[in-house]
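Peer 1: run12.pdb is the file, holding PDB, C-alpha atoms and all ligand atoms:
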```
ATOM      1  CA  MET A  19     -78.377 -34.256  22.236
ATOM      2  CA  GLU A  20     -75.723 -31.667  21.953
ATOM      3  CA  LYS A  21     -76.381 -27.947  21.774
ATOM      4  CA  ILE A  22     -74.394 -26.213  19.053
ATOM      5  CA  TYR A  23     -73.626 -22.500  18.793
ATOM      6  CA  TRP A  24     -72.101 -21.662  15.390
ATOM      7  CA  PHE A  25     -70.781 -18.146  14.789
ATOM      8  CA  GLU A  26     -69.574 -16.541  11.567
ATOM      9  CA  GLU A  27     -66.867 -14.830  13.527
ATOM     10  CA  ILE A  28     -65.784 -14.887  17.147
ATOM     11  CA  GLU A  29     -62.671 -14.021  19.136
ATOM     12  CA  SER A  30     -62.095 -17.548  20.447
ATOM     13  CA  THR A  31     -64.517 -20.455  20.752
ATOM     14  CA  ASN A  32     -62.729 -21.611  23.933
ATOM     15  CA  GLU A  33     -63.223 -18.201  25.521
ATOM     16  CA  PHE A  34     -66.913 -18.147  24.577
ATOM     17  CA  ALA A  35     -67.346 -21.681  25.909
ATOM     18  CA  LYS A  36     -65.923 -20.439  29.223
ATOM     19  CA  THR A  37     -68.819 -18.004  29.579
ATOM     20  CA  LEU A  38     -71.269 -20.923  29.278
ATOM     21  CA  VAL A  39     -69.416 -23.557  31.215
ATOM     22  CA  LYS A  40     -71.107 -23.242  34.602
ATOM     23  CA  GLU A  41     -74.657 -23.845  33.434
ATOM     24  CA  ALA A  42     -73.952 -25.777  30.263
ATOM     25  CA  ASP A  43     -74.660 -29.451  29.767
ATOM     26  CA  GLU A  44     -72.011 -31.764  28.417
ATOM     27  CA  TRP A  45     -71.648 -31.616  24.652
ATOM     28  CA  THR A  46     -72.429 -27.960  24.442
ATOM     29  CA  VAL A  47     -70.396 -26.971  21.391
ATOM     30  CA  VAL A  48     -69.189 -23.552  20.259
ATOM     31  CA  ALA A  49     -67.947 -23.317  16.675
ATOM     32  CA  ALA A  50     -67.006 -20.473  14.359
ATOM     33  CA  ASP A  51     -66.077 -20.008  10.705
ATOM     34  CA  LYS A  52     -63.337 -17.625  11.697
ATOM     35  CA  GLN A  53     -61.616 -16.621  14.936
ATOM     36  CA  THR A  54     -60.046 -13.222  15.428
ATOM     37  CA  LYS A  55     -58.152 -14.185  18.596
ATOM     38  CA  GLY A  56     -57.751 -17.954  18.262
ATOM     39  CA  LYS A  57     -55.623 -19.293  21.101
ATOM     40  CA  GLY A  58     -52.946 -21.933  21.323
ATOM     41  CA  ARG A  59     -51.401 -23.102  24.584
ATOM     42  CA  LEU A  60     -49.556 -20.753  26.955
ATOM     43  CA  GLY A  61     -50.842 -17.587  25.329
ATOM     44  CA  ARG A  62     -49.710 -18.536  21.825
ATOM     45  CA  ASN A  63     -51.827 -17.462  18.842
ATOM     46  CA  TRP A  64     -53.791 -19.838  16.660
ATOM     47  CA  TYR A  65     -54.257 -18.703  13.062
ATOM     48  CA  SER A  66     -57.971 -19.264  12.329
ATOM     49  CA  PRO A  67     -59.095 -17.930   8.934
ATOM     50  CA  ASP A  68     -62.293 -18.815   7.033
ATOM     51  CA  GLY A  69     -62.022 -22.308   5.632
ATOM     52  CA  GLY A  70     -60.797 -23.969   8.805
ATOM     53  CA  LEU A  71     -62.770 -25.882  11.411
ATOM     54  CA  TRP A  72     -62.583 -24.199  14.815
ATOM     55  CA  PHE A  73     -64.696 -25.446  17.698
ATOM     56  CA  SER A  74     -64.826 -26.126  21.426
ATOM     57  CA  VAL A  75     -66.696 -28.792  23.332
ATOM     58  CA  ILE A  76     -67.716 -28.636  26.991
ATOM     59  CA  LEU A  77     -67.267 -31.959  28.764
ATOM     60  CA  LYS A  78     -67.963 -32.806  32.386
ATOM     61  CA  PRO A  79     -66.186 -36.041  33.277
ATOM     62  CA  THR A  80     -65.799 -37.004  36.920
ATOM     63  CA  SER A  81     -62.038 -36.746  36.745
ATOM     64  CA  LEU A  82     -60.749 -33.588  35.122
ATOM     65  CA  SER A  83     -57.497 -34.667  33.534
ATOM     66  CA  HIS A  84     -55.283 -33.714  30.627
ATOM     67  CA  LEU A  85     -55.468 -37.321  29.511
ATOM     68  CA  ILE A  86     -58.472 -36.169  27.517
ATOM     69  CA  THR A  87     -56.074 -34.411  25.101
ATOM     70  CA  LEU A  88     -54.720 -37.800  24.030
ATOM     71  CA  VAL A  89     -58.232 -39.182  23.607
ATOM     72  CA  VAL A  90     -59.185 -36.217  21.413
ATOM     73  CA  GLY A  91     -56.039 -36.739  19.330
ATOM     74  CA  VAL A  92     -57.072 -40.312  18.575
ATOM     75  CA  ALA A  93     -60.604 -39.160  17.650
ATOM     76  CA  ILE A  94     -59.212 -36.599  15.181
ATOM     77  CA  CYS A  95     -56.813 -39.117  13.589
ATOM     78  CA  GLU A  96     -59.603 -41.653  13.172
ATOM     79  CA  ALA A  97     -61.886 -39.057  11.611
ATOM     80  CA  MET A  98     -59.087 -38.127   9.198
ATOM     81  CA  LYS A  99     -58.558 -41.777   8.361
ATOM     82  CA  GLU A 100     -62.187 -41.980   7.237
ATOM     83  CA  LEU A 101     -61.391 -39.128   4.842
ATOM     84  CA  LYS A 102     -58.421 -41.215   3.636
ATOM     85  CA  ILE A 103     -55.926 -38.847   5.171
ATOM     86  CA  ASN A 104     -53.060 -40.224   7.235
ATOM     87  CA  THR A 105     -52.225 -38.205  10.301
ATOM     88  CA  ARG A 106     -49.865 -38.740  13.221
ATOM     89  CA  ILE A 107     -49.790 -37.305  16.738
ATOM     90  CA  LYS A 108     -46.878 -35.444  18.238
ATOM     91  CA  TRP A 109     -47.242 -35.457  22.022
ATOM     92  CA  PRO A 110     -49.271 -33.981  23.477
ATOM     93  CA  ASN A 111     -51.521 -32.026  21.142
ATOM     94  CA  ASP A 112     -50.190 -31.704  17.585
ATOM     95  CA  ILE A 113     -51.779 -33.570  14.692
ATOM     96  CA  LEU A 114     -49.364 -33.820  11.783
ATOM     97  CA  ILE A 115     -49.333 -34.755   8.127
ATOM     98  CA  GLY A 116     -45.843 -35.470   6.841
ATOM     99  CA  GLY A 117     -44.344 -33.696   9.840
ATOM    100  CA  LYS A 118     -46.405 -30.507   9.388
ATOM    101  CA  LYS A 119     -49.144 -29.434  11.767
ATOM    102  CA  VAL A 120     -52.656 -29.761  10.394
ATOM    103  CA  ALA A 121     -54.558 -29.578  13.690
ATOM    104  CA  GLY A 122     -54.111 -28.612  17.313
ATOM    105  CA  ILE A 123     -55.938 -29.266  20.565
ATOM    106  CA  LEU A 124     -56.301 -26.855  23.466
ATOM    107  CA  THR A 125     -57.573 -28.491  26.650
ATOM    108  CA  GLU A 126     -58.554 -26.085  29.414
ATOM    109  CA  ILE A 127     -59.618 -27.389  32.790
ATOM    110  CA  GLU A 128     -62.277 -25.329  34.558
ATOM    111  CA  THR A 129     -63.745 -25.926  38.025
ATOM    112  CA  ASN A 130     -66.528 -28.234  36.907
ATOM    113  CA  ALA A 131     -65.648 -29.004  33.315
ATOM    114  CA  ILE A 132     -63.099 -29.477  30.596
ATOM    115  CA  ILE A 133     -63.176 -27.297  27.522
ATOM    116  CA  VAL A 134     -61.665 -29.063  24.556
ATOM    117  CA  GLY A 135     -60.737 -26.712  21.733
ATOM    118  CA  ILE A 136     -60.078 -28.274  18.352
ATOM    119  CA  GLY A 137     -58.631 -26.473  15.366
ATOM    120  CA  ILE A 138     -58.265 -28.254  12.009
ATOM    121  CA  ASN A 139     -56.854 -26.581   8.904
ATOM    122  CA  LEU A 140     -59.341 -27.828   6.351
ATOM    123  CA  ASN A 141     -59.780 -25.558   3.337
ATOM    124  CA  VAL A 142     -56.929 -23.204   4.142
ATOM    125  CA  PHE A 143     -54.815 -22.271   1.071
ATOM    126  CA  ASP A 144     -51.927 -20.502   2.589
ATOM    127  CA  PHE A 145     -50.411 -19.492   5.878
ATOM    128  CA  PRO A 146     -48.626 -16.432   7.196
ATOM    129  CA  ASP A 147     -44.853 -16.530   6.570
ATOM    130  CA  GLU A 148     -43.991 -17.634  10.090
ATOM    131  CA  LEU A 149     -46.141 -20.778   9.712
ATOM    132  CA  GLY A 150     -45.238 -21.539   6.085
ATOM    133  CA  GLU A 151     -42.649 -24.180   6.960
ATOM    134  CA  THR A 152     -44.489 -25.884   9.793
ATOM    135  CA  ALA A 153     -48.232 -25.794   9.013
ATOM    136  CA  THR A 154     -50.345 -27.536   6.406
ATOM    137  CA  SER A 155     -54.005 -28.120   5.586
ATOM    138  CA  ILE A 156     -56.221 -30.853   4.216
ATOM    139  CA  LEU A 157     -56.618 -28.790   1.029
ATOM    140  CA  ILE A 158     -52.856 -28.412   0.570
ATOM    141  CA  GLU A 159     -52.223 -32.109   1.216
ATOM    142  CA  SER A 160     -55.107 -33.632  -0.740
ATOM    143  CA  GLY A 161     -55.859 -30.954  -3.327
ATOM    144  CA  LYS A 162     -59.512 -31.291  -2.368
ATOM    145  CA  VAL A 163     -61.983 -28.965  -0.703
ATOM    146  CA  VAL A 164     -63.752 -30.840   2.073
ATOM    147  CA  ASP A 165     -67.215 -30.219   3.481
ATOM    148  CA  LYS A 166     -66.707 -28.461   6.801
ATOM    149  CA  LYS A 167     -69.979 -29.545   8.421
ATOM    150  CA  GLU A 168     -69.384 -33.137   7.387
ATOM    151  CA  VAL A 169     -65.910 -33.173   8.953
ATOM    152  CA  PHE A 170     -67.278 -31.436  12.044
ATOM    153  CA  LEU A 171     -69.908 -34.152  12.580
ATOM    154  CA  LEU A 172     -67.398 -36.883  11.864
ATOM    155  CA  VAL A 173     -64.942 -35.563  14.463
ATOM    156  CA  LEU A 174     -67.741 -34.982  16.980
ATOM    157  CA  ASN A 175     -69.017 -38.541  16.578
ATOM    158  CA  LYS A 176     -65.542 -40.033  16.917
ATOM    159  CA  LEU A 177     -65.044 -37.903  19.994
ATOM    160  CA  LYS A 178     -68.283 -39.199  21.528
ATOM    161  CA  GLU A 179     -67.266 -42.770  20.906
ATOM    162  CA  LYS A 180     -63.811 -42.288  22.463
ATOM    163  CA  TYR A 181     -65.106 -40.183  25.334
ATOM    164  CA  ASN A 182     -67.675 -42.831  26.314
ATOM    165  CA  ARG A 183     -64.857 -45.335  26.503
ATOM    166  CA  PHE A 184     -62.758 -42.842  28.456
ATOM    167  CA  LYS A 185     -65.604 -42.486  30.975
ATOM    168  CA  SER A 186     -66.060 -46.228  31.275
ATOM    169  CA  ASP A 187     -62.377 -46.507  32.160
ATOM    170  CA  ASP A 188     -61.203 -48.107  28.948
ATOM    171  CA  ILE A 189     -58.054 -45.968  29.177
ATOM    172  CA  GLY A 190     -55.528 -48.725  28.503
ATOM    173  CA  GLU A 191     -56.994 -49.549  25.100
ATOM    174  CA  LEU A 192     -57.357 -45.857  24.201
ATOM    175  CA  LEU A 193     -53.707 -45.279  25.008
ATOM    176  CA  ASN A 194     -52.782 -48.220  22.792
ATOM    177  CA  GLU A 195     -54.659 -46.543  19.972
ATOM    178  CA  TRP A 196     -52.767 -43.350  20.741
ATOM    179  CA  ARG A 197     -49.449 -45.217  20.563
ATOM    180  CA  ILE A 198     -50.293 -46.420  17.049
ATOM    181  CA  TYR A 199     -50.719 -42.831  15.827
ATOM    182  CA  SER A 200     -47.789 -41.486  17.812
ATOM    183  CA  THR A 201     -44.822 -40.089  16.000
ATOM    184  CA  THR A 202     -43.076 -39.350  19.294
ATOM    185  CA  ILE A 203     -42.393 -42.737  20.868
ATOM    186  CA  GLY A 204     -38.845 -43.918  20.179
ATOM    187  CA  LYS A 205     -37.689 -40.463  19.097
ATOM    188  CA  ILE A 206     -35.012 -38.257  20.572
ATOM    189  CA  VAL A 207     -36.709 -35.045  21.599
ATOM    190  CA  SER A 208     -36.178 -31.767  23.312
ATOM    191  CA  VAL A 209     -39.079 -30.807  25.568
ATOM    192  CA  GLU A 210     -39.610 -27.278  26.747
ATOM    193  CA  THR A 211     -41.574 -27.427  30.001
ATOM    194  CA  PRO A 212     -42.758 -24.370  31.911
ATOM    195  CA  SER A 213     -39.599 -24.595  34.044
ATOM    196  CA  GLU A 214     -36.800 -26.176  31.947
ATOM    197  CA  VAL A 215     -35.676 -27.732  28.679
ATOM    198  CA  VAL A 216     -35.116 -31.499  28.863
ATOM    199  CA  ASN A 217     -33.566 -33.715  26.181
ATOM    200  CA  GLY A 218     -33.935 -37.464  25.945
ATOM    201  CA  GLU A 219     -35.471 -40.462  24.243
ATOM    202  CA  VAL A 220     -39.221 -40.946  24.482
ATOM    203  CA  VAL A 221     -39.771 -44.449  25.822
ATOM    204  CA  ASP A 222     -43.539 -44.334  26.218
ATOM    205  CA  ILE A 223     -46.466 -42.466  27.691
ATOM    206  CA  ASP A 224     -47.655 -43.169  31.212
ATOM    207  CA  ASP A 225     -50.652 -45.509  31.460
ATOM    208  CA  GLU A 226     -52.190 -43.569  34.338
ATOM    209  CA  ASP A 227     -51.942 -39.985  33.218
ATOM    210  CA  GLY A 228     -50.619 -39.813  29.650
ATOM    211  CA  ALA A 229     -47.407 -38.068  30.747
ATOM    212  CA  LEU A 230     -44.365 -38.406  28.494
ATOM    213  CA  LEU A 231     -41.734 -40.841  29.784
ATOM    214  CA  LEU A 232     -38.330 -39.580  28.761
ATOM    215  CA  ARG A 233     -35.041 -41.464  29.177
ATOM    216  CA  LEU A 234     -32.409 -38.882  30.024
ATOM    217  CA  PRO A 235     -28.776 -39.294  28.904
ATOM    218  CA  THR A 236     -28.065 -40.484  32.476
ATOM    219  CA  GLY A 237     -30.496 -43.386  31.984
ATOM    220  CA  VAL A 238     -33.003 -41.983  34.465
ATOM    221  CA  ILE A 239     -36.637 -41.993  33.314
ATOM    222  CA  LYS A 240     -38.283 -38.622  33.779
ATOM    223  CA  LYS A 241     -42.005 -37.971  33.641
ATOM    224  CA  ILE A 242     -43.075 -34.845  31.773
ATOM    225  CA  PHE A 243     -46.625 -33.647  32.303
ATOM    226  CA  ALA A 244     -46.729 -30.617  30.033
ATOM    227  CA  GLY A 245     -44.519 -28.996  27.489
ATOM    228  CA  LYS A 246     -43.662 -28.332  23.899
ATOM    229  CA  CYS A 247     -41.913 -31.218  22.237
ATOM    230  CA  LYS A 248     -39.383 -30.798  19.408
ATOM    231  CA  LEU A 249     -38.311 -33.881  17.478
ATOM    232  CA  ILE A 250     -34.531 -34.046  17.144
ATOM    233  CA  ARG A 251     -34.310 -37.418  15.368
TER     234      ARG A 251
HETATM  235  C1  LIG A 301     -52.392 -25.654  19.837
HETATM  236  O1  LIG A 301     -51.557 -24.871  20.612
HETATM  237  O2  LIG A 301     -52.011 -26.385  18.956
HETATM  238  C2  LIG A 301     -53.854 -25.524  20.187
HETATM  239  C3  LIG A 301     -54.691 -24.992  19.052
HETATM  240  C4  LIG A 301     -56.141 -24.988  19.414
HETATM  241  C5  LIG A 301     -56.964 -24.171  18.462
HETATM  242  C6  LIG A 301     -58.428 -24.312  18.743
HETATM  243  S1  LIG A 301     -59.413 -23.613  17.469
HETATM  244  C7  LIG A 301     -60.833 -23.740  18.455
HETATM  245  C8  LIG A 301     -60.427 -23.421  19.891
HETATM  246  N1  LIG A 301     -60.541 -22.002  20.165
HETATM  247  C9  LIG A 301     -59.355 -21.427  20.389
HETATM  248  O3  LIG A 301     -59.166 -20.209  20.628
HETATM  249  N2  LIG A 301     -58.376 -22.369  20.294
HETATM  250  C10 LIG A 301     -58.928 -23.689  20.037
HETATM  251  P1  LIG A 301     -49.965 -24.902  20.619
HETATM  252  O4  LIG A 301     -49.474 -26.301  20.777
HETATM  253  O5  LIG A 301     -49.571 -23.892  21.631
HETATM  254  O6  LIG A 301     -49.577 -24.437  19.169
HETATM  255  C11 LIG A 301     -49.593 -23.074  18.818
HETATM  256  C12 LIG A 301     -48.526 -22.863  17.752
HETATM  257  O7  LIG A 301     -48.923 -23.509  16.531
HETATM  258  C13 LIG A 301     -48.341 -21.392  17.389
HETATM  259  O8  LIG A 301     -47.390 -20.791  18.228
HETATM  260  C14 LIG A 301     -47.873 -21.474  15.931
HETATM  261  O9  LIG A 301     -46.486 -21.753  15.883
HETATM  262  C15 LIG A 301     -48.594 -22.705  15.405
HETATM  263  N3  LIG A 301     -49.851 -22.367  14.705
HETATM  264  C16 LIG A 301     -50.687 -21.317  14.898
HETATM  265  N4  LIG A 301     -51.758 -21.398  14.115
HETATM  266  C17 LIG A 301     -51.625 -22.540  13.390
HETATM  267  C18 LIG A 301     -52.435 -23.187  12.407
HETATM  268  N5  LIG A 301     -53.624 -22.712  11.997
HETATM  269  N6  LIG A 301     -51.959 -24.356  11.899
HETATM  270  C19 LIG A 301     -50.775 -24.893  12.281
HETATM  271  N7  LIG A 301     -49.966 -24.320  13.206
HETATM  272  C20 LIG A 301     -50.396 -23.159  13.766
END
```
Spell out the structure here as structure tokens.
Ligand code: BT5
Peer 2:
Amino acid sequence: MEKIYWFEEIESTNEFAKTLVKEADEWTVVAADKQTKGKGRLGRNWYSPDGGLWFSVILKPTSLSHLITLVVGVAICEAMKELKINTRIKWPNDILIGGKKVAGILTEIETNAIIVGIGINLNVFDFPDELGETATSILIESGKVVDKKEVFLLVLNKLKEKYNRFKSDDIGELLNEWRIYSTTIGKIVSVETPSEVVNGEVVDIDDEDGALLLRLPTGVIKKIFAGKCKLIR
């Protein structure tokens, strides 16, 4: 059984999860109605008002790999499908509706655990100006207010199902599921990695580690492990 901490307000559920991670059992969950310092990747901010679903899960798999981000993406898309909402995944961690971001995943690898942070814009009406063009919510897309706890349990259950398969080494099939939701494969993209910007066509993701396989204009296939991906066409 999981242990769930649910706060009305917190700085960041990922940061709080970090304070528990050493002693915590797997499936310790930290959730909050609102975050005052929600985090994205690489120090970016994550807008986390009331109405959204913001939570972090502590997992302790034997191999601590970023592949888990892809597995979580599939779990979120499947949960959304049950709500009759079609979502797609932009590698590695953006969940989109009609090209706009509805959810994000922040995977942080600690010494003995992985903290998976999930943010889903559920009942969020509007966004700050800088996100107006790129972000959306379930409420904006469907016109319906959804039950936060119900979506939380749905996502958590999907995550358990996928994670059990991940642990039993069913990676190939999970990656196939990821490919079905992907909006990145076959596209021309520009990827900003920590060290450079690389343009090319996405041919696939790597079966071993989920890295992006990019065909450069020279024809060479380059493996990208981390970065921010912009769709060009
Ligand atoms: C992410 O980062 O997409 C990871 C988001 C993870 C949030 C969860 S909420 C629970 C847990 N606790 C935390 O503190 N974080 C996790 P990244 O790919 O770096 O995207 C960040 C960018 O998305 C920002 O720079 C904005 O451009 C945009 N953004 C910020 N807030 C957004 C929102 N609510 N909806 C859509 N886009 C947003």
Peer 1: Pick the closest to Ile123 in chain A from A:Ile239, A:Leu101, A:Val92, A:Ile156: which is it, counting all atoms listed in the file?
Peer 2: A:Val92
Peer 1: Find the spatial neighbours of Trp45 in chain A, counting only C-alpha atoms, within a cut-off of 7 Å - ignore same-chain residues fewer than 2 positions away - and output them as an NGL selection string.
Peer 2: :A and (20-21 or 43 or 47 or 75-77)
Peer 1: Can I get the selection written as a PDB file, in the frame of the given file, with C-alpha atoms?
Peer 2:
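Here's the written file result.pdb:
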```pdb
ATOM      1  CA  GLU A  20     -75.723 -31.667  21.953  1.00  0.00           C
ATOM      2  CA  LYS A  21     -76.381 -27.947  21.774  1.00  0.00           C
ATOM      3  CA  ASP A  43     -74.660 -29.451  29.767  1.00  0.00           C
ATOM      4  CA  VAL A  47     -70.396 -26.971  21.391  1.00  0.00           C
ATOM      5  CA  VAL A  75     -66.696 -28.792  23.332  1.00  0.00           C
ATOM      6  CA  ILE A  76     -67.716 -28.636  26.991  1.00  0.00           C
ATOM      7  CA  LEU A  77     -67.267 -31.959  28.764  1.00  0.00           C
TER       8      LEU A  77
END
```
Peer 1: Residues within 8 Å of ligand LIG 301 (chain A) should be enumerated using only C-alpha atoms and all ligand atoms and returned as a count of residues only.
Peer 2: 48
Peer 1: Excluding same-chain residues fewer than 6 positions from range 195-201 of chain A, what lies within 10 Å of it counting only C-alpha atoms, as a ChimeraX atom specification?
Peer 2: /A:88-93,95-96,104-110,113-114,117,189,222-223,228,249
Peer 1: Could you name the residues that touch Glu179 in chain A at 12 Å or less, counting all atoms listed in the file, but leaving out those on the same chain fewer than 2 positions away, as a list of chain:residue names?
Peer 2: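 Listed by chain and then number, they are A:Val89, A:Val90, A:Val92, A:Ala93, A:Ile94, A:Glu96, A:Ala97, A:Leu172, A:Val173, A:Leu174, A:Asn175, A:Lys176, A:Leu177, A:Tyr181, A:Asn182, A:Arg183, A:Phe184, A:Lys185, A:Ser186, A:Asp188, A:Leu192.
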Peer 1: Let me make sure I understand: among A:Glu168, A:Ile132, A:Lys240, A:Arg251, which one has the smallest atom-to-atom distance to Ser83 in chain A if we use all atoms listed in the file?
Peer 2: A:Ile132
Peer 1: Take CA of Leu157 in chain A and CA of Gly69 in chain A and report the distance between them in Å, one decimal.
Peer 2: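 Separation between CA of Leu157 in chain A and CA of Gly69 in chain A: 9.6 Å.
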Peer 1: How far is it from CA of Lys178 in chain A to CA of Asp51 in chain A, in Å with one decimal?
Peer 2: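 Answer for the CA of Lys178 in chain A to CA of Asp51 in chain A separation: 22.1 Å.
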Peer 1: Which one is closest to Met98 in chain A: A:Asp227, A:Glu126, A:Ser160, A:Lys241? Count all atoms listed in the file.
Peer 2: A:Ser160
Peer 1: For Lys205 in chain A, which residue out of A:Gly116, A:Gly150, A:Gly218, A:Gly237 is the nearest one, using all atoms listed in the file?
Peer 2: A:Gly218
Peer 1: Mind listing whatever residues come within 9 Å of the point (-43.6, -26.5, 21.4)? Use all atoms listed in the file, file coordinates, and give them as number ranges by chain.
Peer 2: A: 209-211, 245-248
Peer 1: Between CA of Val164 in chain A and CA of Glu26 in chain A, measure the distance and give it in Å to one decimal.
Peer 2: 18.1 Å
Peer 1: The PyMOL selection byres (((chain A and resi 131) around 8) and not hetatm) on the file shown: which residues, as a list in words?
Peer 2: Val39, Ile76, Leu77, Lys78, Pro79, Leu82, Ile127, Glu128, Thr129, Asn130, Ile132 and Ile133 of chain A
Peer 1: Would you mind telling me which residue in A:Thr37, A:Val169, A:Asp68, A:Val238 lies nearest to Asp144 in chain A when using all atoms listed in the file?
Peer 2: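 Among A:Thr37, A:Val169, A:Asp68, A:Val238, it is A:Asp68 that comes nearest to Asp144 in chain A.
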Peer 1: Would you list the residues near (-40.2, -41.8, 23.4) (no more than 8 Å away, in the coordinates of the file, using all atoms listed in the file) as a ChimeraX atom specification?
Peer 2: /A:202-207,219-223,230-233
Peer 1: Identify which of the residues A:Asp187, A:Asn194, A:Ala35, A:Leu140 lies closest to Ser81 in chain A, counting only C-alpha atoms when measuring atom-to-atom distances.
Peer 2: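 With only C-alpha atoms as the atom set, the closest residue is A:Asp187.
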Peer 1: For range 186-191 of chain A, take all atoms listed in the file, fit an axis-aligned box around them, add 6 Å to each of the six sides, then output centre and edge lengths in Å rounded to one decimal, as lines of an AutoDock Vina configuration file.
Peer 2:
```
center_x = -60.8
center_y = -47.8
center_z = 28.6
size_x = 22.5
size_y = 15.6
size_z = 19.1
```
